[in-house]
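Peer 1: What follows is coords_11.csv, CSV, C-alpha atoms.
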```csv
chain,number,residue,atom,x,y,z
Q,218,MET,CA,0.0,0.0,0.0
Q,219,GLY,CA,0.9,3.7,-0.3
Q,220,ARG,CA,2.1,6.0,2.4
Q,221,LYS,CA,-0.3,7.2,5.1
Q,222,LEU,CA,-1.3,10.8,5.6
Q,223,ALA,CA,-1.0,10.9,9.4
Q,224,ILE,CA,-3.0,13.0,11.7
Q,225,THR,CA,-2.8,13.3,15.5
Q,226,LEU,CA,-5.8,14.4,17.4
Q,227,SER,CA,-6.0,15.9,20.9
Q,228,ASP,CA,-8.6,14.5,23.3
Q,229,ALA,CA,-10.7,17.7,22.8
Q,230,GLN,CA,-10.5,17.3,19.0
Q,231,ARG,CA,-11.4,13.7,19.2
Q,232,SER,CA,-14.4,14.3,21.4
Q,233,GLU,CA,-15.6,17.2,19.2
Q,234,LEU,CA,-15.3,15.0,16.0
Q,235,GLU,CA,-17.2,12.2,17.7
Q,236,LYS,CA,-19.9,14.5,18.7
Q,237,GLY,CA,-20.1,15.9,15.2
Q,238,TYR,CA,-20.2,12.3,13.8
Q,239,ARG,CA,-23.1,11.4,16.1
Q,240,ASN,CA,-25.1,14.6,16.1
Q,241,GLY,CA,-24.1,16.5,12.9
Q,242,LYS,CA,-27.1,17.9,10.9
Q,243,SER,CA,-25.8,17.0,7.4
Q,244,HIS,CA,-24.8,13.6,6.2
Q,245,ALA,CA,-21.7,15.1,4.5
Q,246,PHE,CA,-20.5,16.7,7.8
Q,247,ARG,CA,-21.0,13.4,9.7
Q,248,GLN,CA,-19.0,11.6,6.9
Q,249,ARG,CA,-16.2,14.1,7.1
Q,250,CYS,CA,-16.0,13.8,10.9
Q,251,GLN,CA,-15.8,10.0,10.5
Q,252,MET,CA,-13.1,10.3,7.9
Q,253,ILE,CA,-10.9,12.3,10.2
Q,254,LEU,CA,-11.5,10.0,13.1
Q,255,LEU,CA,-10.6,6.9,11.0
Q,256,LYS,CA,-7.5,8.6,9.6
Q,257,ALA,CA,-6.4,9.4,13.2
Q,258,GLU,CA,-6.6,5.6,13.9
Q,259,GLY,CA,-3.9,5.2,11.2
Q,260,ARG,CA,-6.1,3.6,8.5
Q,261,PHE,CA,-5.4,3.9,4.8
Q,262,SER,CA,-7.6,6.2,2.6
Q,263,LYS,CA,-8.6,3.2,0.5
Q,264,GLU,CA,-9.9,1.4,3.6
Q,265,ILE,CA,-11.7,4.6,4.8
Q,266,ALA,CA,-13.3,5.0,1.4
Q,267,LYS,CA,-14.9,1.6,1.7
Q,268,ILE,CA,-16.1,2.2,5.2
Q,269,VAL,CA,-17.5,5.7,4.6
Q,270,GLY,CA,-18.9,4.8,1.1
Q,271,ILE,CA,-16.9,7.3,-1.0
Q,272,LYS,CA,-15.2,6.3,-4.2
Q,273,SER,CA,-12.4,8.8,-4.2
Q,274,GLN,CA,-9.4,8.5,-1.9
Q,275,LYS,CA,-8.3,12.0,-3.0
Q,276,GLN,CA,-11.5,13.4,-1.5
Q,277,ILE,CA,-10.6,11.8,1.8
Q,278,ASN,CA,-7.0,13.1,1.7
Q,279,SER,CA,-8.1,16.6,0.7
Q,280,TRP,CA,-10.5,16.8,3.7
Q,281,VAL,CA,-7.8,15.5,6.1
Q,282,LYS,CA,-5.3,18.1,4.7
Q,283,ARG,CA,-8.0,20.9,5.0
Q,284,TYR,CA,-8.7,19.8,8.6
Q,285,LYS,CA,-5.0,19.7,9.5
Q,286,GLU,CA,-4.2,23.1,8.0
Q,287,LYS,CA,-7.3,25.1,9.0
Q,288,TYR,CA,-8.5,23.6,12.3
Q,289,ALA,CA,-6.5,26.0,14.4
Q,290,GLU,CA,-8.3,29.0,12.7
Q,291,GLU,CA,-11.8,27.7,12.2
Q,292,GLY,CA,-12.2,24.6,14.3
Q,293,ILE,CA,-14.5,21.7,13.3
Q,294,HIS,CA,-16.6,24.2,11.2
Q,295,ILE,CA,-14.0,23.7,8.5
Q,296,LEU,CA,-15.8,20.4,7.7
Q,297,HIS,CA,-19.1,22.1,6.9
Q,298,ASN,CA,-20.1,23.0,3.4
Q,299,GLU,CA,-19.2,26.6,2.6
Q,300,PRO,CA,-22.2,29.0,2.0
Q,301,GLY,CA,-23.2,29.4,-1.6
Q,302,GLN,CA,-22.6,25.8,-2.6
Q,303,GLY,CA,-25.4,24.0,-4.3
Q,304,ARG,CA,-28.0,25.0,-6.9
Q,305,LYS,CA,-29.1,28.6,-6.9
Q,306,GLN,CA,-32.7,29.5,-6.6
Q,307,ILE,CA,-34.5,30.3,-9.8
Q,308,LEU,CA,-37.0,32.7,-8.3
Q,309,ASP,CA,-35.6,35.2,-5.8
Q,310,ARG,CA,-38.1,36.1,-3.1
Q,311,ARG,CA,-36.7,39.5,-2.2
Q,312,GLN,CA,-36.6,40.8,-5.8
Q,313,GLU,CA,-39.5,39.0,-7.5
Q,314,GLU,CA,-42.2,38.3,-4.8
Q,315,THR,CA,-44.4,41.4,-5.6
Q,316,LEU,CA,-44.4,40.7,-9.3
Q,317,ILE,CA,-45.2,37.0,-8.8
Q,318,ARG,CA,-48.0,37.9,-6.4
Q,319,GLN,CA,-49.5,40.3,-9.0
Q,320,ARG,CA,-49.3,37.9,-11.9
Q,321,VAL,CA,-50.8,35.0,-9.9
Q,322,LYS,CA,-53.6,37.3,-8.6
Q,323,GLN,CA,-54.2,38.5,-12.2
Q,324,GLU,CA,-54.4,34.9,-13.5
Q,325,ARG,CA,-55.6,33.0,-10.4
Q,326,GLN,CA,-57.7,30.5,-12.3
Q,327,ARG,CA,-54.9,29.7,-14.8
Q,328,LEU,CA,-51.5,29.3,-13.0
Q,329,SER,CA,-49.9,28.1,-16.3
Q,330,LYS,CA,-50.9,31.5,-17.9
Q,331,ALA,CA,-49.4,33.3,-14.9
Q,332,LYS,CA,-46.2,31.2,-15.3
Q,333,ASP,CA,-46.0,32.2,-19.0
Q,334,LEU,CA,-46.4,35.9,-18.1
Q,335,LEU,CA,-43.8,35.6,-15.4
Q,336,GLU,CA,-41.3,33.9,-17.7
Q,337,SER,CA,-41.6,36.8,-20.2
Q,338,ASP,CA,-41.5,39.5,-17.4
Q,339,LEU,CA,-38.5,38.0,-15.6
Q,340,ASN,CA,-36.8,36.6,-18.7
Q,341,LYS,CA,-36.3,33.3,-17.0
Q,342,LYS,CA,-37.4,29.7,-17.8
Q,343,PHE,CA,-38.9,27.6,-15.0
Q,344,SER,CA,-41.4,24.8,-14.6
Q,345,LEU,CA,-45.0,25.1,-13.3
Q,346,MET,CA,-43.9,23.0,-10.4
Q,347,THR,CA,-41.2,25.6,-9.5
Q,348,LEU,CA,-43.8,28.3,-9.4
Q,349,LYS,CA,-46.1,26.1,-7.2
Q,350,ARG,CA,-43.3,25.4,-4.8
Q,351,PHE,CA,-42.4,29.1,-4.6
Q,352,LEU,CA,-46.1,30.0,-3.9
Q,353,LYS,CA,-46.3,27.2,-1.3
Q,354,ASN,CA,-43.2,28.5,0.5
Q,355,LEU,CA,-44.7,32.1,0.5
Q,356,SER,CA,-47.9,30.7,1.9
Q,357,ALA,CA,-46.1,28.7,4.6
Q,358,ASP,CA,-44.0,31.7,5.6
Q,359,SER,CA,-47.0,34.0,5.8
Q,360,ASN,CA,-48.9,31.5,7.9
Q,361,ALA,CA,-46.0,31.1,10.3
Q,362,SER,CA,-45.8,34.8,11.0
Q,363,ASP,CA,-49.5,35.0,11.9
```
Take the structure I supplied and represent it as structure tokens, if you would.
Peer 2:
Amino acid sequence: MGRKLAITLSDAQRSELEKGYRNGKSHAFRQRCQMILLKAEGRFSKEIAKIVGIKSQKQINSWVKRYKEKYAEEGIHILHNEPGQGRKQILDRRQEETLIRQRVKQERQRLSKAKDLLESDLNKKFSLMTLKRFLKNLSADSNASD
């Protein structure tokens, strides 16, 4: 086998990672905590990849390096996804809510017609399901504030 990328953890770091592994909100975060813990046990990346269910050993090594280099500055939070990752929203509530409400009110019997009007107004393409989801979230948020 290849060389091992070694990492040594203090008791505080180990307990923090174990807590993150058990109670972390996202699956990716829990996986990353587990990767660091397994690496600290002296296991090879290939072995960790099988245990964690990741195909890429490079991914494991990059998270271990990131943890080693940036833990002192940012702590365990370095294992979370950075803000802005993922797919961006098609319809922006802050900028487009009033226009969407107007068009839906105007065409309340034909939501597909409102969608067509909005697509031309906003110069964006989206599905009818996207519009329905957006309206449902608006409704849920307004009900929660009541």
Peer 1: With distances taken over all atoms listed in the file, which residue among Q:Gln306, Q:Gln323, Q:Gln276, Q:Thr315 lies nearest Q:Arg350?
Peer 2: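 Using all atoms listed in the file, Q:Arg350 sits closest to Q:Gln306.
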Peer 1: In the coordinate frame of the file, compute which residues have an atom within 7 Å of (-16.9, 13.7, 10.8) when using all atoms listed in the file, and state them as an mmCIF file with C-alpha atoms, keeping the file's coordinate frame.
Peer 2:
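Okay, result-v5.cif is ready:
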```cif
data_model
loop_
_atom_site.group_PDB
_atom_site.id
_atom_site.type_symbol
_atom_site.label_atom_id
_atom_site.label_comp_id
_atom_site.auth_asym_id
_atom_site.auth_seq_id
_atom_site.Cartn_x
_atom_site.Cartn_y
_atom_site.Cartn_z
ATOM 1 C CA LEU Q 234 -15.300 15.000 16.000
ATOM 2 C CA GLY Q 237 -20.100 15.900 15.200
ATOM 3 C CA TYR Q 238 -20.200 12.300 13.800
ATOM 4 C CA PHE Q 246 -20.500 16.700 7.800
ATOM 5 C CA ARG Q 247 -21.000 13.400 9.700
ATOM 6 C CA GLN Q 248 -19.000 11.600 6.900
ATOM 7 C CA ARG Q 249 -16.200 14.100 7.100
ATOM 8 C CA CYS Q 250 -16.000 13.800 10.900
ATOM 9 C CA GLN Q 251 -15.800 10.000 10.500
ATOM 10 C CA MET Q 252 -13.100 10.300 7.900
ATOM 11 C CA ILE Q 253 -10.900 12.300 10.200
ATOM 12 C CA LEU Q 254 -11.500 10.000 13.100
#
```
Peer 1: Nearest to Q:Tyr284 among Q:Thr225, Q:Ser337, Q:Gln319, Q:Ser356, with distances taken over all atoms listed in the file: which residue is it?
Peer 2: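 Smallest distance to Q:Tyr284 is found for Q:Thr225.
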Peer 1: Please compute the atom CA of Q:Asn278-atom CA of Q:Ala229 distance, one decimal, in Å.
Peer 2: 21.9 Å
Peer 1: Which distance in Å separates atom CA of Q:Ser262 and atom CA of Q:Pro300, to one decimal?
Peer 2: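 One can read the atom CA of Q:Ser262 to atom CA of Q:Pro300 distance as 27.1 Å.
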Peer 1: Atom CA of Q:Gly292 and atom CA of Q:Leu226, how far apart in Å?
Peer 2: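 It comes out at 12.4 Å.
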Peer 1: Between Q:Asp309, Q:Glu314, Q:Glu235, Q:Glu291, which one has atoms that come closest to Q:Lys341, using all atoms listed in the file?
Peer 2: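 Between Q:Asp309, Q:Glu314, Q:Glu235, Q:Glu291, the residue approaching Q:Lys341 most closely is Q:Asp309.
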Peer 1: Pick out the closest residue to Q:Ala245 from this set: Q:Arg320, Q:Lys332, Q:Lys342, Q:His297. Count all atoms listed in the file.
Peer 2: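 Of all the options, Q:His297 lies closest to Q:Ala245.
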Peer 1: Taking 6 positions as the minimum chain separation for residues in the same chain, which residues sit within 10 Å of Q:Leu334 when counting all atoms listed in the file? Answer as a PyMOL selection string.
Peer 2: chain Q and resi 317+320-321+324+328+340
Peer 1: Kindly indicate which residue among Q:Ile307, Q:Leu335, Q:Leu255, Q:Ile224 lies nearest to Q:Lys282, using only C-alpha atoms for the distances.
Peer 2: Q:Ile224
Peer 1: Which residue is closest to Q:Asn298? Choose from Q:Asp358, Q:Lys353, Q:Ser329, Q:Ser243 and count only C-alpha atoms.
Peer 2: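 Using only C-alpha atoms, Q:Asn298 sits closest to Q:Ser243.
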Peer 1: Give me, as number ranges by chain, all polymer residues having an atom no more than 9 Å from Q:Glu313, counting only C-alpha atoms and skipping those fewer than 5 positions away in the same chain.
Peer 2: Q: 308, 318, 339
Peer 1: Identify, on the basis of all atoms listed in the file, every residue whose closest approach to Q:Lys263 does not exceed 10 Å; exclude the query and any residue fewer than 4 positions from it along the same chain; express the result as an MDAnalysis selection string.
Peer 2: chainID Q and resid 218:219 267:268 271:275 277
